[in-house]
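**Q** So that you have it, the file is coords37.pdb, and it contains PDB, C-alpha atoms and all ligand atoms:
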```
MODEL        1
ATOM      1  CA  MET A   1     -36.065   2.610 -20.306  1.00  0.00           C
ATOM      2  CA  HIS A   2     -34.618   3.205 -16.855  1.00  0.00           C
ATOM      3  CA  PRO A   3     -30.800   3.515 -17.070  1.00  0.00           C
ATOM      4  CA  TYR A   4     -30.474   0.737 -14.488  1.00  0.00           C
ATOM      5  CA  LYS A   5     -32.312  -1.677 -16.812  1.00  0.00           C
ATOM      6  CA  GLU A   6     -30.001  -0.717 -19.668  1.00  0.00           C
ATOM      7  CA  ILE A   7     -27.171  -2.480 -17.883  1.00  0.00           C
ATOM      8  CA  PHE A   8     -28.765  -5.859 -18.579  1.00  0.00           C
ATOM      9  CA  ASP A   9     -29.109  -5.003 -22.252  1.00  0.00           C
ATOM     10  CA  ASN A  10     -25.482  -3.901 -22.264  1.00  0.00           C
ATOM     11  CA  ASN A  11     -24.560  -7.184 -20.623  1.00  0.00           C
ATOM     12  CA  LYS A  12     -26.353  -9.230 -23.287  1.00  0.00           C
ATOM     13  CA  ARG A  13     -24.629  -7.268 -26.051  1.00  0.00           C
ATOM     14  CA  TRP A  14     -21.275  -7.819 -24.346  1.00  0.00           C
ATOM     15  CA  VAL A  15     -21.917 -11.591 -24.126  1.00  0.00           C
ATOM     16  CA  GLU A  16     -22.778 -11.679 -27.839  1.00  0.00           C
ATOM     17  CA  ALA A  17     -19.668  -9.680 -28.739  1.00  0.00           C
ATOM     18  CA  GLN A  18     -17.412 -11.980 -26.711  1.00  0.00           C
ATOM     19  CA  LEU A  19     -18.926 -15.098 -28.292  1.00  0.00           C
ATOM     20  CA  LYS A  20     -18.504 -13.612 -31.753  1.00  0.00           C
ATOM     21  CA  LYS A  21     -14.766 -13.183 -31.072  1.00  0.00           C
ATOM     22  CA  ASP A  22     -14.367 -16.601 -29.424  1.00  0.00           C
ATOM     23  CA  GLU A  23     -17.161 -19.141 -29.079  1.00  0.00           C
ATOM     24  CA  HIS A  24     -15.307 -20.829 -26.174  1.00  0.00           C
ATOM     25  CA  PHE A  25     -14.771 -17.540 -24.292  1.00  0.00           C
ATOM     26  CA  PHE A  26     -17.003 -18.382 -21.325  1.00  0.00           C
ATOM     27  CA  ASP A  27     -15.869 -22.023 -21.133  1.00  0.00           C
ATOM     28  CA  LYS A  28     -12.322 -20.740 -20.682  1.00  0.00           C
ATOM     29  CA  LEU A  29     -13.444 -17.997 -18.285  1.00  0.00           C
ATOM     30  CA  ALA A  30     -15.293 -20.471 -16.069  1.00  0.00           C
ATOM     31  CA  SER A  31     -12.469 -23.020 -15.974  1.00  0.00           C
ATOM     32  CA  ASP A  32      -9.827 -21.096 -13.962  1.00  0.00           C
ATOM     33  CA  GLN A  33      -8.017 -17.789 -13.453  1.00  0.00           C
ATOM     34  CA  ARG A  34      -4.264 -17.380 -13.847  1.00  0.00           C
ATOM     35  CA  PRO A  35      -3.647 -13.637 -13.775  1.00  0.00           C
ATOM     36  CA  GLU A  36      -0.017 -12.504 -13.760  1.00  0.00           C
ATOM     37  CA  PHE A  37      -0.914  -9.158 -12.202  1.00  0.00           C
ATOM     38  CA  LEU A  38      -2.369  -7.906  -8.943  1.00  0.00           C
ATOM     39  CA  TYR A  39      -3.580  -4.326  -9.434  1.00  0.00           C
ATOM     40  CA  ILE A  40      -4.262  -2.158  -6.368  1.00  0.00           C
ATOM     41  CA  GLY A  41      -5.885   1.089  -7.483  1.00  0.00           C
ATOM     42  CA  CYS A  42      -8.283   3.867  -6.578  1.00  0.00           C
ATOM     43  CA  SER A  43     -12.069   3.297  -6.552  1.00  0.00           C
ATOM     44  CA  ASP A  44     -12.468   6.329  -8.824  1.00  0.00           C
ATOM     45  CA  SER A  45     -14.906   5.413 -11.621  1.00  0.00           C
ATOM     46  CA  ARG A  46     -12.626   6.999 -14.223  1.00  0.00           C
ATOM     47  CA  VAL A  47      -9.762   4.568 -13.637  1.00  0.00           C
ATOM     48  CA  PRO A  48     -10.928   1.072 -14.669  1.00  0.00           C
ATOM     49  CA  ALA A  49      -8.070  -1.384 -14.250  1.00  0.00           C
ATOM     50  CA  ASN A  50      -8.679  -3.768 -17.160  1.00  0.00           C
ATOM     51  CA  GLU A  51      -9.390  -1.050 -19.705  1.00  0.00           C
ATOM     52  CA  ILE A  52      -6.361   1.129 -18.999  1.00  0.00           C
ATOM     53  CA  MET A  53      -4.086  -1.932 -19.012  1.00  0.00           C
ATOM     54  CA  GLY A  54      -5.687  -3.341 -22.157  1.00  0.00           C
ATOM     55  CA  LEU A  55      -6.292  -6.670 -20.413  1.00  0.00           C
ATOM     56  CA  GLU A  56      -9.128  -9.155 -20.790  1.00  0.00           C
ATOM     57  CA  PRO A  57     -11.200 -10.754 -18.017  1.00  0.00           C
ATOM     58  CA  GLY A  58      -8.987 -13.294 -16.240  1.00  0.00           C
ATOM     59  CA  GLU A  59      -5.753 -11.367 -16.776  1.00  0.00           C
ATOM     60  CA  VAL A  60      -5.620  -9.066 -13.730  1.00  0.00           C
ATOM     61  CA  PHE A  61      -6.648  -9.558 -10.084  1.00  0.00           C
ATOM     62  CA  VAL A  62      -8.023  -6.261  -8.811  1.00  0.00           C
ATOM     63  CA  HIS A  63      -8.385  -4.474  -5.488  1.00  0.00           C
ATOM     64  CA  ARG A  64      -9.623  -0.894  -5.327  1.00  0.00           C
ATOM     65  CA  ASN A  65     -10.277   1.510  -2.477  1.00  0.00           C
ATOM     66  CA  VAL A  66     -10.283   5.262  -1.885  1.00  0.00           C
ATOM     67  CA  ALA A  67      -6.839   6.596  -2.865  1.00  0.00           C
ATOM     68  CA  ASN A  68      -5.225   3.137  -3.353  1.00  0.00           C
ATOM     69  CA  VAL A  69      -4.160   2.638   0.248  1.00  0.00           C
ATOM     70  CA  VAL A  70      -2.391  -0.488   1.557  1.00  0.00           C
ATOM     71  CA  ASN A  71      -3.060  -0.346   5.278  1.00  0.00           C
ATOM     72  CA  GLY A  72      -1.528  -2.968   7.592  1.00  0.00           C
ATOM     73  CA  ILE A  73      -4.745  -3.565   9.537  1.00  0.00           C
ATOM     74  CA  ASP A  74      -7.081  -3.619   6.530  1.00  0.00           C
ATOM     75  CA  HIS A  75      -8.096  -7.285   6.345  1.00  0.00           C
ATOM     76  CA  ASN A  76      -9.529  -6.729   2.894  1.00  0.00           C
ATOM     77  CA  VAL A  77      -6.350  -5.603   1.126  1.00  0.00           C
ATOM     78  CA  ASN A  78      -4.172  -8.006   3.126  1.00  0.00           C
ATOM     79  CA  ALA A  79      -6.379 -10.972   2.200  1.00  0.00           C
ATOM     80  CA  VAL A  80      -6.221  -9.894  -1.450  1.00  0.00           C
ATOM     81  CA  ILE A  81      -2.406  -9.700  -1.334  1.00  0.00           C
ATOM     82  CA  GLN A  82      -2.149 -13.076   0.381  1.00  0.00           C
ATOM     83  CA  TYR A  83      -4.460 -14.764  -2.126  1.00  0.00           C
ATOM     84  CA  ALA A  84      -2.715 -13.169  -5.090  1.00  0.00           C
ATOM     85  CA  VAL A  85       0.787 -14.088  -3.894  1.00  0.00           C
ATOM     86  CA  GLU A  86       0.252 -17.518  -2.305  1.00  0.00           C
ATOM     87  CA  TYR A  87      -2.460 -19.020  -4.517  1.00  0.00           C
ATOM     88  CA  LEU A  88      -2.479 -17.136  -7.808  1.00  0.00           C
ATOM     89  CA  LYS A  89       1.312 -16.649  -7.674  1.00  0.00           C
ATOM     90  CA  VAL A  90       1.122 -13.322  -9.508  1.00  0.00           C
ATOM     91  CA  LYS A  91       4.411 -12.146 -11.016  1.00  0.00           C
ATOM     92  CA  HIS A  92       3.702  -8.440 -10.557  1.00  0.00           C
ATOM     93  CA  ILE A  93       1.953  -6.321  -7.921  1.00  0.00           C
ATOM     94  CA  ILE A  94       1.029  -2.851  -9.131  1.00  0.00           C
ATOM     95  CA  VAL A  95      -0.073   0.056  -6.962  1.00  0.00           C
ATOM     96  CA  CYS A  96      -1.674   2.581  -9.306  1.00  0.00           C
ATOM     97  CA  GLY A  97      -2.657   6.089  -8.240  1.00  0.00           C
ATOM     98  CA  HIS A  98      -4.022   8.829 -10.460  1.00  0.00           C
ATOM     99  CA  TYR A  99      -3.536  12.568 -10.776  1.00  0.00           C
ATOM    100  CA  GLY A 100      -6.625  14.515  -9.706  1.00  0.00           C
ATOM    101  CA  CYS A 101      -7.437  11.932  -7.013  1.00  0.00           C
ATOM    102  CA  GLY A 102     -10.290  13.209  -4.830  1.00  0.00           C
ATOM    103  CA  GLY A 103      -9.052  11.132  -1.881  1.00  0.00           C
ATOM    104  CA  ILE A 104      -5.659  12.815  -1.985  1.00  0.00           C
ATOM    105  CA  GLN A 105      -7.219  16.271  -2.285  1.00  0.00           C
ATOM    106  CA  ALA A 106      -9.631  15.552   0.578  1.00  0.00           C
ATOM    107  CA  ALA A 107      -6.699  14.506   2.764  1.00  0.00           C
ATOM    108  CA  MET A 108      -5.149  17.916   2.149  1.00  0.00           C
ATOM    109  CA  THR A 109      -8.261  19.693   3.390  1.00  0.00           C
ATOM    110  CA  SER A 110      -8.654  20.823   6.991  1.00  0.00           C
ATOM    111  CA  GLN A 111     -12.100  19.392   7.521  1.00  0.00           C
ATOM    112  CA  ASP A 112     -13.898  16.734   9.555  1.00  0.00           C
ATOM    113  CA  MET A 113     -15.033  14.178   6.978  1.00  0.00           C
ATOM    114  CA  GLY A 114     -16.553  11.585   9.293  1.00  0.00           C
ATOM    115  CA  GLU A 115     -15.818   7.971   8.389  1.00  0.00           C
ATOM    116  CA  LEU A 116     -13.274   9.144   5.841  1.00  0.00           C
ATOM    117  CA  ASN A 117     -11.074  10.732   8.538  1.00  0.00           C
ATOM    118  CA  ALA A 118      -9.345   7.538   9.643  1.00  0.00           C
ATOM    119  CA  TRP A 119      -8.886   6.333   6.079  1.00  0.00           C
ATOM    120  CA  LEU A 120      -7.498   9.633   4.820  1.00  0.00           C
ATOM    121  CA  ARG A 121      -5.127   9.783   7.786  1.00  0.00           C
ATOM    122  CA  ASN A 122      -3.046   7.245   5.831  1.00  0.00           C
ATOM    123  CA  ILE A 123      -2.527   9.962   3.217  1.00  0.00           C
ATOM    124  CA  ARG A 124      -1.868  12.684   5.789  1.00  0.00           C
ATOM    125  CA  ASP A 125       0.843  10.390   7.206  1.00  0.00           C
ATOM    126  CA  VAL A 126       2.436  10.161   3.751  1.00  0.00           C
ATOM    127  CA  TYR A 127       2.448  13.972   3.638  1.00  0.00           C
ATOM    128  CA  ARG A 128       4.111  14.116   7.067  1.00  0.00           C
ATOM    129  CA  LEU A 129       6.829  11.659   5.958  1.00  0.00           C
ATOM    130  CA  HIS A 130       7.613  13.857   2.939  1.00  0.00           C
ATOM    131  CA  GLN A 131       6.665  17.243   4.373  1.00  0.00           C
ATOM    132  CA  ASP A 132       9.958  19.007   3.563  1.00  0.00           C
ATOM    133  CA  GLU A 133       9.792  18.058  -0.124  1.00  0.00           C
ATOM    134  CA  LEU A 134       6.076  18.816  -0.463  1.00  0.00           C
ATOM    135  CA  ASP A 135       6.120  22.138   1.391  1.00  0.00           C
ATOM    136  CA  ALA A 136       8.958  23.296  -0.891  1.00  0.00           C
ATOM    137  CA  ILE A 137       6.610  23.027  -3.911  1.00  0.00           C
ATOM    138  CA  ALA A 138       4.889  26.434  -4.184  1.00  0.00           C
ATOM    139  CA  ASP A 139       2.350  25.499  -6.880  1.00  0.00           C
ATOM    140  CA  GLU A 140      -0.607  23.817  -5.209  1.00  0.00           C
ATOM    141  CA  LYS A 141      -1.493  21.568  -8.167  1.00  0.00           C
ATOM    142  CA  LYS A 142       2.104  20.384  -8.500  1.00  0.00           C
ATOM    143  CA  ARG A 143       2.132  19.668  -4.766  1.00  0.00           C
ATOM    144  CA  TYR A 144      -1.023  17.510  -5.097  1.00  0.00           C
ATOM    145  CA  ASP A 145       0.480  15.700  -8.085  1.00  0.00           C
ATOM    146  CA  ARG A 146       3.646  14.960  -6.140  1.00  0.00           C
ATOM    147  CA  LEU A 147       1.617  13.706  -3.167  1.00  0.00           C
ATOM    148  CA  VAL A 148      -0.216  11.346  -5.548  1.00  0.00           C
ATOM    149  CA  GLU A 149       3.199   9.940  -6.588  1.00  0.00           C
ATOM    150  CA  LEU A 150       4.573   9.779  -3.039  1.00  0.00           C
ATOM    151  CA  ASN A 151       1.387   8.039  -1.862  1.00  0.00           C
ATOM    152  CA  VAL A 152       1.911   5.361  -4.519  1.00  0.00           C
ATOM    153  CA  GLN A 153       5.525   5.008  -3.383  1.00  0.00           C
ATOM    154  CA  GLU A 154       4.580   4.630   0.294  1.00  0.00           C
ATOM    155  CA  GLN A 155       1.805   2.134  -0.506  1.00  0.00           C
ATOM    156  CA  CYS A 156       4.360   0.072  -2.468  1.00  0.00           C
ATOM    157  CA  VAL A 157       6.529   0.149   0.663  1.00  0.00           C
ATOM    158  CA  ASN A 158       3.497  -1.063   2.629  1.00  0.00           C
ATOM    159  CA  VAL A 159       3.114  -3.966   0.179  1.00  0.00           C
ATOM    160  CA  ILE A 160       6.670  -5.157   0.859  1.00  0.00           C
ATOM    161  CA  LYS A 161       6.110  -4.927   4.618  1.00  0.00           C
ATOM    162  CA  THR A 162       3.608  -7.796   4.419  1.00  0.00           C
ATOM    163  CA  ALA A 163       4.623 -11.317   5.433  1.00  0.00           C
ATOM    164  CA  HIS A 164       3.045 -12.700   2.244  1.00  0.00           C
ATOM    165  CA  VAL A 165       5.338 -10.705  -0.030  1.00  0.00           C
ATOM    166  CA  GLN A 166       8.437 -11.078   2.148  1.00  0.00           C
ATOM    167  CA  LYS A 167       7.997 -14.855   2.305  1.00  0.00           C
ATOM    168  CA  SER A 168       7.589 -15.063  -1.457  1.00  0.00           C
ATOM    169  CA  TRP A 169      10.676 -12.881  -1.998  1.00  0.00           C
ATOM    170  CA  TYR A 170      12.774 -15.103   0.245  1.00  0.00           C
ATOM    171  CA  HIS A 171      11.655 -18.313  -1.449  1.00  0.00           C
ATOM    172  CA  ASN A 172      10.820 -17.321  -5.047  1.00  0.00           C
ATOM    173  CA  ASN A 173      12.387 -13.853  -5.531  1.00  0.00           C
ATOM    174  CA  SER A 174       8.939 -12.797  -6.797  1.00  0.00           C
ATOM    175  CA  PRO A 175       6.609 -10.877  -7.322  1.00  0.00           C
ATOM    176  CA  GLU A 176       7.973  -7.585  -8.598  1.00  0.00           C
ATOM    177  CA  VAL A 177       6.291  -4.534  -7.046  1.00  0.00           C
ATOM    178  CA  HIS A 178       5.607  -1.501  -9.243  1.00  0.00           C
ATOM    179  CA  GLY A 179       4.252   2.003  -8.675  1.00  0.00           C
ATOM    180  CA  TRP A 180       2.244   3.653 -11.453  1.00  0.00           C
ATOM    181  CA  VAL A 181       0.260   6.855 -11.865  1.00  0.00           C
ATOM    182  CA  PHE A 182      -2.613   7.213 -14.351  1.00  0.00           C
ATOM    183  CA  ASP A 183      -3.132  10.608 -15.999  1.00  0.00           C
ATOM    184  CA  LEU A 184      -6.836  11.372 -16.550  1.00  0.00           C
ATOM    185  CA  HIS A 185      -5.972  14.133 -19.042  1.00  0.00           C
ATOM    186  CA  ASN A 186      -4.279  11.910 -21.622  1.00  0.00           C
ATOM    187  CA  GLY A 187      -5.064   8.358 -20.509  1.00  0.00           C
ATOM    188  CA  LEU A 188      -1.406   7.430 -20.133  1.00  0.00           C
ATOM    189  CA  LEU A 189       0.143   5.318 -17.398  1.00  0.00           C
ATOM    190  CA  LYS A 190       3.416   6.522 -15.913  1.00  0.00           C
ATOM    191  CA  ASP A 191       5.786   4.005 -14.333  1.00  0.00           C
ATOM    192  CA  LEU A 192       7.436   5.664 -11.316  1.00  0.00           C
ATOM    193  CA  GLU A 193      10.262   3.116 -11.726  1.00  0.00           C
ATOM    194  CA  LEU A 194      10.542   2.503  -8.016  1.00  0.00           C
ATOM    195  CA  ASN A 195      13.150  -0.084  -7.122  1.00  0.00           C
ATOM    196  CA  MET A 196      11.508  -1.966  -4.300  1.00  0.00           C
ATOM    197  CA  LYS A 197      14.426  -4.400  -3.947  1.00  0.00           C
ATOM    198  CA  GLU A 198      16.511  -1.333  -3.000  1.00  0.00           C
ATOM    199  CA  GLN A 199      13.712   0.061  -0.808  1.00  0.00           C
ATOM    200  CA  ILE A 200      13.561  -3.119   1.278  1.00  0.00           C
ATOM    201  CA  LYS A 201      17.253  -2.746   2.119  1.00  0.00           C
ATOM    202  CA  LYS A 202      16.514   0.663   3.652  1.00  0.00           C
ATOM    203  CA  ILE A 203      13.650  -0.568   5.811  1.00  0.00           C
ATOM    204  CA  GLN A 204      14.625  -4.204   6.365  1.00  0.00           C
ATOM    205  CA  LYS A 205      16.075  -3.642   9.827  1.00  0.00           C
ATOM    206  CA  ILE A 206      12.699  -2.395  11.049  1.00  0.00           C
ATOM    207  CA  TYR A 207      10.184  -4.419   9.034  1.00  0.00           C
ATOM    208  CA  ASP A 208      11.904  -7.778   8.414  1.00  0.00           C
ATOM    209  CA  LEU A 209       9.623 -10.627   9.533  1.00  0.00           C
ATOM    210  CA  LYS A 210      12.355 -13.303   9.225  1.00  0.00           C
ATOM    211  CA  GLN A 211      10.242 -15.202   6.753  1.00  0.00           C
ATOM    212  CA  GLY A 212      13.317 -16.961   5.396  1.00  0.00           C
ATOM    213  CA  SER A 213      14.101 -18.757   8.641  1.00  0.00           C
TER     214      SER A 213
HETATM  215 CO    CO B   1      -8.669   8.573  -6.600  1.00  0.00          CO
ENDMDL
END
```
What is this file in structure tokens?

**A**
Amino acid sequence: MHPYKEIFDNNKRWVEAQLKKDEHFFDKLASDQRPEFLYIGCSDSRVPANEIMGLEPGEVFVHRNVANVVNGIDHNVNAVIQYAVEYLKVKHIIVCGHYGCGGIQAAMTSQDMGELNAWLRNIRDVYRLHQDELDAIADEKKRYDRLVELNVQEQCVNVIKTAHVQKSWYHNNSPEVHGWVFDLHNGLLKDLELNMKEQIKKIQKIYDLKQGS
């Protein structure tokens, strides 16, 4: 059988397995979604959001793109954040990068990559912001790993620059914003323990949208 066709067999087996566990599974699934988490991660096929978080369908709202970028003029990610914050009222927004990210490595390469150039410029800008720290790391792999972490940190900062999140912070003191990195070698998630409530104080003068007024 063609591998593409196998997907439909897989799907039928998955339906049967879900119904075996809970005969009302799809009635509940169809009724509504109330996820507590918005997950913004990399498109990389090895980093599936639900699986690594151990969450079921309905428990996490997901956005993925190359190298988990939150760009201010990307209507896609901004619409996702708005929907998650205003309508789903998620309690946590997670930006999750991963070590060994091809997008991060590509951004460190001096090469014309066509359509990817503009997208990867977001990552090159993160490098420029943290150039002193990164250039001081002699080991190339360690430097990539650190850029993965700093990219997560800067994308978390981009999340709190949005009007949707600022408005919700002013009125509800929520959602919390977290930066994580997934390690492909052992499957573990690392919480970078970024304190975004402290971060906003540093950048508030520049990025405050006066959403409280
Ligand atoms: Co990646």

**Q** Using the chain letters and residue numbers of this document, give as JSON, numbers by chain the residues selected by the PyMOL selection byres (((chain A and resi 29-44) around 10) and not hetatm).

**A** {"A": [24, 25, 26, 27, 28, 45, 46, 47, 48, 49, 50, 53, 55, 56, 57, 58, 59, 60, 61, 62, 63, 64, 65, 66, 67, 68, 69, 70, 77, 80, 81, 83, 84, 85, 87, 88, 89, 90, 91, 92, 93, 94, 95, 96, 97, 98, 101, 102, 103, 152, 155, 156, 175, 176, 177, 178, 179, 180, 181, 182]}

**Q** Quick one: everything within 12 Å of region 203-206 of chain A, counting only C-alpha atoms, minus sequence neighbours fewer than 5 positions away in the same chain. Send it as a CSV table (one decimal) with C-alpha atoms, in the frame of the given file.

**A**
```csv
chain,number,residue,atom,x,y,z
A,154,GLU,CA,4.6,4.6,0.3
A,157,VAL,CA,6.5,0.1,0.7
A,158,ASN,CA,3.5,-1.1,2.6
A,160,ILE,CA,6.7,-5.2,0.9
A,161,LYS,CA,6.1,-4.9,4.6
A,162,THR,CA,3.6,-7.8,4.4
A,166,GLN,CA,8.4,-11.1,2.1
A,196,MET,CA,11.5,-2.0,-4.3
A,197,LYS,CA,14.4,-4.4,-3.9
A,198,GLU,CA,16.5,-1.3,-3.0
A,211,GLN,CA,10.2,-15.2,6.8
```

**Q** Nearest to Gln153 (chain A): which of A:Ala107, A:Leu129, A:Ile52, A:Ala118 is it, counting only C-alpha atoms?

**A** A:Leu129

**Q** So, with only C-alpha atoms and all ligand atoms as the atoms that count, which of A:Tyr99, A:Gln111, A:Glu23, A:Asp191 lies closest to ligand CO 1 (chain B)?

**A**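 Going through A:Tyr99, A:Gln111, A:Glu23, A:Asp191 one by one, the smallest distance to ligand CO 1 (chain B) is for A:Tyr99.
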
**Q** Report as JSON the centre and the edge lengths, in Å to one decimal, of the axis-aligned box holding every listed atom of region 32-40 of chain A, padded by 6 Å on each side.

**A**
```
{"center_x": -4.9, "center_y": -11.6, "center_z": -10.2, "size_x": 21.8, "size_y": 30.9, "size_z": 19.6}
```

**Q** Just give me the gap between CA of Ile104 (chain A) and CA of Glu133 (chain A) in Å, one decimal is fine.

**A**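 Taking CA of Ile104 (chain A) and CA of Glu133 (chain A), their separation equals 16.4 Å.
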
**Q** When distances are computed from all atoms listed in the file, which of A:Asn76, A:Asn117, A:Gln82, A:Asn151 shows the smallest separation from ligand CO 1 (chain B)?

**A**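 Distance minimum relative to ligand CO 1 (chain B) lands on A:Asn151.
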
**Q** Quick one, how far is CA of Asp22 (chain A) from CA of Phe8 (chain A)?

**A**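 Between CA of Asp22 (chain A) and CA of Phe8 (chain A) the gap works out to 21.0 Å.
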
**Q** What is the distance, in Å and to one decimal place, between CA of Leu120 (chain A) and CA of Lys190 (chain A)?

**A**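 Pair CA of Leu120 (chain A) / CA of Lys190 (chain A) returns 23.6 Å.
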
**Q** Taking all atoms listed in the file into account, which of A:Lys202, A:Lys167, A:Asn71, A:Leu147 comes nearest Asp132 (chain A)?

**A**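 Using all atoms listed in the file, the shortest distance to Asp132 (chain A) belongs to A:Leu147.
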
**Q** For a quick check of understanding, using all atoms listed in the file, which of A:Leu209, A:Leu189, A:Ala106, A:Ile200 has the smallest distance to ligand CO 1 (chain B)?

**A**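 Going through A:Leu209, A:Leu189, A:Ala106, A:Ile200 one by one, the smallest distance to ligand CO 1 (chain B) is for A:Ala106.
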
**Q** Any idea what's packed within 12 Å of Lys142 (chain A), counting only C-alpha atoms, ignoring anything in its chain fewer than 5 positions away? Could you give it as a PyMOL selection string?

**A** chain A and resi 99-100+105+133-137+147-149
